[in-house]
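Report on the structure given below.
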Amino acid sequence: MDVTYPGAVPPERHRMLTSLGLRLHVAEWGDPQAEPLLLLHGFYDHVHAFDLLAPLLAQRFRVVAYDARGHGESEWPDAYAWQADVLDAVNVLRDLGPSVCVVGHSRGGGLATDMAAFFPDPVRKLVVLDGFGPPPLTHANFFQQRRLRRATSEQLGEWLDWRRSVASRRNFQPAASYDELARRRQVQNPRLSLEWLRYFAAHGSRKVKGGFAWSFDPLASRPIGPFRPEWAAPGWRRLRAPMLAVIGSEPDTWGPLPEEILAERLSHAPVVTRATVQGAGHFMHIEKPRETAQLILDFLAERT
Amino acid sequence: MIRLTSGRHAVALESLREGPGPTLLCLHALRGRGVDYAPLAPVWAGRVLALDFSGHGASDRPRGAGYTPELLVGDADAALAHAGGEVCVVGAGIGAYVALLLAGARPQQVRVAYLLPGAGLEGSGALPRTHLDGEALRVEVTALLEAAAQRTAGPCDPMLRLLDNDPRPPDYARAFADSAQRLLLAEDGELRPPWWEAVREAAAALRGPADPRAGLAQLRASVD
């Protein structure tokens with residue numbers, strides 16, 4: 001891959017791991033004999049989202065990231081369920097041994113927390129980068145507004161129509177170049193630079209008829225079901241691992257949650273340390289990789 | 001037997017009875033199959049179609065095991081498209097829940113759904129499985145991981161375990177009951193999951209016979 005970005009180091013090793021019959025792409029940085037540290041990326045992302053953070057953590061850890069089902073180089077399933085994603089995370093965790101530190105960003109943070117609550121024993125410490133569940137419906141963002149206006153039963157009807165049409169699609173609308181992919185993504189994440197997004201696109205898209213498309217399953221883009229934002233936290237009381245809860249200081253598309261909501265959610269976890277990365281938004285590990293890595297390394301080095 | 005595309009995989013649809021008259025679509029309970037309805041088919045004057053849900057009977061086990069009740073609604077929707085026009089639906093257990101969601105999401109095509117008790121979602125309440133703890137949690141996780149490793153074993157997919165207690169809040173079910181044309185609930189006085197209790201209060205819901213044979217006869221007479 002000829003597209004580079006200052007400080008970005010692609011993974012040194014790659015392999016596939018089978019979970020629930022699906023092949024997941026696993027990537028690693030650092031000494032294979034060092035203590036394992038598992039990274040979980042966010043929605044629409046892939047392992048290269050950690051190309052800035054992972055090399056800094058790899059000075060002390062064997063850093064392992066995997067592409068969630070339907071993302072990056074992992075296979076696409078026939079259908080999506082949150083519990084299946086949680087079991088994928090458990091399967092990767094079990095592959096790494098009896099004691100693993102875990103870091104998750106955004107959706108990957110929610111996944112990491114649910115995994116650690118569901119399968120607590122091997123998780124030594126847990127770091128969540130602005131991944132504390134969706135905002136409550138009273139604070140609906142623009143992704144939820146459309147949903148809120150329509151009746152629940154209508155939404156399912158539309159989802160059924162959409163499913164009939166999308167299941168056979170192999171790609172989203174292709175873009176002519178990495179630049180165009182980057183510009184499209186910047187509409188959703190305006191704090192990320194075009195230079196970074198071009199790097200991210202070059203490492204997370206494939207050549208298709210008519211240009212380039214993100215390596216992301218269109219079928220994964222529209223979750224359905226009765227999930228409620230207030231369900232995000234009650235299971236966290238089962239966590240054994242201490243949690244470092246990190247947000248960025250700057251308001252951004254997907255975070256941070258209003259403080260009173262975040263505090264209520266975090267009150268369900270037994271042991272929590274809070275931290276804020278100054279001058280960064282939702283993607284603090286991309287905007288401020290050094291500061292974010294230092295917070296993580298300090299927290300993981302603390303005795304408990 | 002016909003194979004229908006449901007999303008990316010295929011499900012099996014069996015015709016249990018042919019003939020003029022309204023179409024009845026049969027949705028089985030968790031770990032059941034379409035032919036479970038064979039003894040009831042003679043009650044219905046008209047075409048009777050019975051679906052095997054994903055992971056059951058002659059249907060595919062979806063790659064990656066992403067089981068949700070909404071996936072099964074997608075299966076039923078494929079059968080609805082195949083049947084064409086209006087249909088009556090009968091469902092048991094999780095099949096009853098799927099019939100309810102289909103009746104609410106496709107009110108123009110589902111004239112009436114008859115809901116029978118049965119397996120699936122019995123453990124479902126208004127919240128996710130946060131009540132599991134300690135040893136009970138370890139047992140559940142171990143069972144799921146074993147199921148995940150043996151997906152080709154047995155008469156149906158072991159990963160269907162995910163559907164035993166998927167959380168199903170009552171007000172979600174109620175939203176579908178309110179937009180359905182008509183619902184008939186088999187009532188025998190037994191305690192049902194919270195979602196069922198919520199459906200009972202909807203204007204579209206009538207109480208019907210607990211005996212499925214009597215209920216189908218009543219339904220058939222009412223749609224002539």
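Simple scheme: letters A, B, ... for chains in structure tokens order, numbers from 1 for residues in each chain, numbers from 1 for ligands in the order shown.
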Please list as a compact mmCIF listing (two decimals) with N, CA and C atoms, in the first residue's frame every residue within 6 Å of stretch 25-40 of chain B, counting only C-alpha atoms and excluding residues in the same chain fewer than 4 positions away.
# COMPACT_ATOMS: atom_id res chain seq x y z
N LEU B 49 -49.44 -23.22 3.59
CA LEU B 49 -47.99 -23.20 3.42
C LEU B 49 -47.32 -23.25 4.77
N ALA B 50 -46.28 -24.07 4.90
CA ALA B 50 -45.57 -24.19 6.18
C ALA B 50 -44.09 -23.90 5.95
N LEU B 51 -43.57 -22.98 6.73
CA LEU B 51 -42.18 -22.53 6.58
C LEU B 51 -41.28 -23.24 7.58
N ASP B 52 -40.07 -23.58 7.15
CA ASP B 52 -39.00 -23.91 8.11
C ASP B 52 -38.19 -22.64 8.32
N GLY B 57 -35.13 -27.52 10.30
CA GLY B 57 -35.62 -28.38 9.23
C GLY B 57 -34.75 -28.35 7.99
N VAL B 89 -52.12 -15.92 8.97
CA VAL B 89 -50.91 -16.50 9.53
C VAL B 89 -51.23 -17.14 10.87
N VAL B 90 -50.69 -18.34 11.10
CA VAL B 90 -50.77 -18.94 12.43
C VAL B 90 -49.34 -19.21 12.89
N GLY B 91 -49.07 -18.91 14.17
CA GLY B 91 -47.73 -19.13 14.68
C GLY B 91 -47.77 -19.62 16.12
N ALA B 92 -46.75 -20.42 16.49
CA ALA B 92 -46.66 -20.95 17.85
C ALA B 92 -45.34 -20.53 18.48
N GLY B 93 -45.39 -20.12 19.75
CA GLY B 93 -44.17 -19.75 20.46
C GLY B 93 -43.48 -18.60 19.76
N ILE B 94 -42.20 -18.81 19.39
CA ILE B 94 -41.50 -17.74 18.69
C ILE B 94 -42.17 -17.47 17.34
N GLY B 95 -42.82 -18.50 16.77
CA GLY B 95 -43.57 -18.32 15.53
C GLY B 95 -44.75 -17.38 15.72
N GLY B 118 -46.07 -21.71 22.81
CA GLY B 118 -45.08 -22.67 22.34
C GLY B 118 -43.68 -22.23 22.72
N ALA B 119 -42.70 -22.97 22.18
CA ALA B 119 -41.31 -22.74 22.59
C ALA B 119 -40.72 -21.48 21.96
N GLY B 120 -39.82 -20.83 22.70
CA GLY B 120 -39.11 -19.67 22.19
C GLY B 120 -39.47 -18.42 22.95
Report task. At a cut-off of 9 Å, list the chain A residues touching chain B, using only C-alpha atoms, as a PyMOL selection string. Result -> chain A and resi 19-22+69+75-85+87+90-91+118-119+151-158+160+163-168+224-227+231+234-238
Suppose we keep N, CA and C atoms; can you now write the selection as a compact mmCIF listing (two decimals), in the first residue's frame?
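And here is the file that came out, part_31.txt:
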# COMPACT_ATOMS: atom_id res chain seq x y z
N SER A 19 -14.80 -17.95 13.95
CA SER A 19 -15.73 -17.80 15.07
C SER A 19 -17.15 -18.00 14.55
N LEU A 20 -17.88 -18.91 15.17
CA LEU A 20 -19.25 -19.25 14.73
C LEU A 20 -19.29 -19.58 13.24
N GLY A 21 -18.22 -20.17 12.75
CA GLY A 21 -18.16 -20.57 11.35
C GLY A 21 -17.74 -19.46 10.40
N LEU A 22 -17.45 -18.28 10.96
CA LEU A 22 -17.10 -17.12 10.13
C LEU A 22 -15.61 -16.81 10.30
N ARG A 69 -17.10 -8.78 12.31
CA ARG A 69 -17.83 -9.38 11.17
C ARG A 69 -18.46 -8.28 10.31
N GLU A 75 -15.07 -11.90 7.11
CA GLU A 75 -16.18 -12.35 6.27
C GLU A 75 -17.49 -11.68 6.65
N TRP A 76 -18.41 -11.72 5.71
CA TRP A 76 -19.75 -11.18 5.93
C TRP A 76 -20.69 -12.32 6.32
N PRO A 77 -21.43 -12.17 7.41
CA PRO A 77 -22.39 -13.22 7.77
C PRO A 77 -23.68 -13.07 6.96
N ASP A 78 -24.57 -14.03 7.12
CA ASP A 78 -25.88 -13.91 6.47
C ASP A 78 -26.80 -12.97 7.23
N ALA A 79 -26.54 -12.79 8.52
CA ALA A 79 -27.41 -11.94 9.34
C ALA A 79 -26.62 -11.43 10.54
N TYR A 80 -27.08 -10.33 11.12
CA TYR A 80 -26.37 -9.70 12.23
C TYR A 80 -27.17 -9.76 13.53
N ALA A 81 -26.46 -10.00 14.63
CA ALA A 81 -27.05 -9.95 15.97
C ALA A 81 -25.96 -9.52 16.93
N TRP A 82 -26.28 -8.63 17.84
CA TRP A 82 -25.27 -8.12 18.79
C TRP A 82 -24.63 -9.27 19.56
N GLN A 83 -25.44 -10.25 19.99
CA GLN A 83 -24.91 -11.37 20.76
C GLN A 83 -23.87 -12.16 19.95
N ALA A 84 -24.04 -12.25 18.64
CA ALA A 84 -23.07 -12.95 17.81
C ALA A 84 -21.76 -12.17 17.77
N ASP A 85 -21.84 -10.85 17.70
CA ASP A 85 -20.64 -10.01 17.76
C ASP A 85 -19.93 -10.18 19.11
N LEU A 87 -20.00 -12.85 20.98
CA LEU A 87 -19.36 -14.17 20.98
C LEU A 87 -18.09 -14.17 20.13
N VAL A 90 -15.50 -12.80 22.35
CA VAL A 90 -15.11 -13.82 23.34
C VAL A 90 -14.15 -14.82 22.69
N ASN A 91 -14.45 -15.24 21.46
CA ASN A 91 -13.60 -16.22 20.78
C ASN A 91 -12.20 -15.67 20.52
N PHE A 118 -19.80 -10.42 30.12
CA PHE A 118 -20.36 -11.73 29.78
C PHE A 118 -19.34 -12.83 30.07
N PHE A 119 -18.07 -12.51 29.92
CA PHE A 119 -16.98 -13.49 30.03
C PHE A 119 -15.85 -12.83 30.82
N ALA A 151 -43.32 5.10 13.10
CA ALA A 151 -43.79 4.09 14.03
C ALA A 151 -42.88 2.86 13.95
N THR A 152 -42.76 2.15 15.08
CA THR A 152 -41.94 0.95 15.17
C THR A 152 -42.31 -0.08 14.09
N SER A 153 -43.60 -0.28 13.89
CA SER A 153 -44.02 -1.31 12.94
C SER A 153 -43.70 -0.88 11.50
N GLU A 154 -43.81 0.44 11.22
CA GLU A 154 -43.43 0.94 9.90
C GLU A 154 -41.94 0.72 9.63
N GLN A 155 -41.13 0.96 10.67
CA GLN A 155 -39.68 0.78 10.52
C GLN A 155 -39.36 -0.65 10.12
N LEU A 156 -40.04 -1.61 10.75
CA LEU A 156 -39.77 -3.01 10.42
C LEU A 156 -40.20 -3.30 8.98
N GLY A 157 -41.34 -2.74 8.58
CA GLY A 157 -41.79 -2.92 7.19
C GLY A 157 -40.76 -2.39 6.21
N GLU A 158 -40.23 -1.18 6.50
CA GLU A 158 -39.20 -0.60 5.62
C GLU A 158 -37.92 -1.43 5.64
N LEU A 160 -37.73 -4.63 6.12
CA LEU A 160 -37.98 -5.84 5.31
C LEU A 160 -37.83 -5.53 3.82
N ARG A 163 -34.16 -5.07 3.20
CA ARG A 163 -33.43 -6.33 3.27
C ARG A 163 -33.59 -7.12 1.96
N ARG A 164 -34.80 -7.07 1.40
CA ARG A 164 -35.02 -7.77 0.13
C ARG A 164 -34.07 -7.22 -0.95
N SER A 165 -33.81 -5.90 -0.91
CA SER A 165 -33.01 -5.30 -1.97
C SER A 165 -31.51 -5.33 -1.69
N VAL A 166 -31.10 -5.27 -0.42
CA VAL A 166 -29.69 -5.06 -0.12
C VAL A 166 -28.89 -6.35 0.00
N ALA A 167 -29.59 -7.46 0.28
CA ALA A 167 -28.87 -8.69 0.59
C ALA A 167 -27.98 -9.14 -0.55
N SER A 168 -28.38 -8.83 -1.78
CA SER A 168 -27.58 -9.28 -2.91
C SER A 168 -26.50 -8.27 -3.30
N ILE A 224 -31.70 -3.58 13.47
CA ILE A 224 -33.14 -3.50 13.73
C ILE A 224 -33.44 -4.26 15.02
N GLY A 225 -34.53 -3.93 15.65
CA GLY A 225 -34.93 -4.63 16.86
C GLY A 225 -35.29 -3.66 17.97
N PRO A 226 -35.64 -4.19 19.13
CA PRO A 226 -36.18 -3.34 20.20
C PRO A 226 -35.13 -2.75 21.13
N PHE A 227 -33.84 -2.75 20.74
CA PHE A 227 -32.80 -2.27 21.65
C PHE A 227 -33.09 -0.86 22.16
N TRP A 231 -30.53 0.08 27.99
CA TRP A 231 -30.09 -1.29 28.20
C TRP A 231 -28.57 -1.41 28.20
N PRO A 234 -26.93 -1.87 32.43
CA PRO A 234 -27.24 -2.67 33.62
C PRO A 234 -26.37 -3.92 33.81
N GLY A 235 -25.90 -4.53 32.72
CA GLY A 235 -25.08 -5.73 32.85
C GLY A 235 -23.64 -5.46 33.30
N TRP A 236 -23.24 -4.19 33.32
CA TRP A 236 -21.84 -3.86 33.61
C TRP A 236 -21.47 -4.15 35.06
N ARG A 237 -22.47 -4.35 35.94
CA ARG A 237 -22.16 -4.67 37.34
C ARG A 237 -21.37 -5.98 37.44
N ARG A 238 -21.44 -6.81 36.38
CA ARG A 238 -20.73 -8.10 36.41
C ARG A 238 -19.25 -7.95 36.09
Excluding stretch 171-177 of chain A and its own-chain neighbours fewer than 4 positions away, which residues fall within 6 Å of it when counting only C-alpha atoms? Please give them as a compact mmCIF listing (two decimals) with N, CA and C atoms, in the first residue's frame.
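Result saved to out_22.txt:
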# COMPACT_ATOMS: atom_id res chain seq x y z
N LEU A 181 -13.79 8.86 -1.35
CA LEU A 181 -14.20 8.11 -0.15
C LEU A 181 -13.93 8.93 1.10
N GLY A 211 -14.93 1.97 -9.47
CA GLY A 211 -14.09 2.72 -8.54
C GLY A 211 -13.71 1.94 -7.30
N PHE A 212 -13.86 2.58 -6.13
CA PHE A 212 -13.48 1.98 -4.85
C PHE A 212 -14.69 1.98 -3.91
N ALA A 213 -14.79 0.94 -3.09
CA ALA A 213 -15.86 0.89 -2.09
C ALA A 213 -15.25 0.49 -0.75
Query - Selection: 9 Å around A:Arg169, only C-alpha atoms, excl. self and same-chain fewer than 4 positions, as a list in words - result: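 Listing them by chain and then by number gives Ser165, Asp217, Pro218 and Leu219 of chain A.
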Report task. Write out as number ranges by chain the residues lying within 10 Å of A:Lys288, counting only C-alpha atoms and excluding same-chain residues fewer than 2 positions away. Result -> A: 52-53, 248, 277-281, 283-286, 290-293
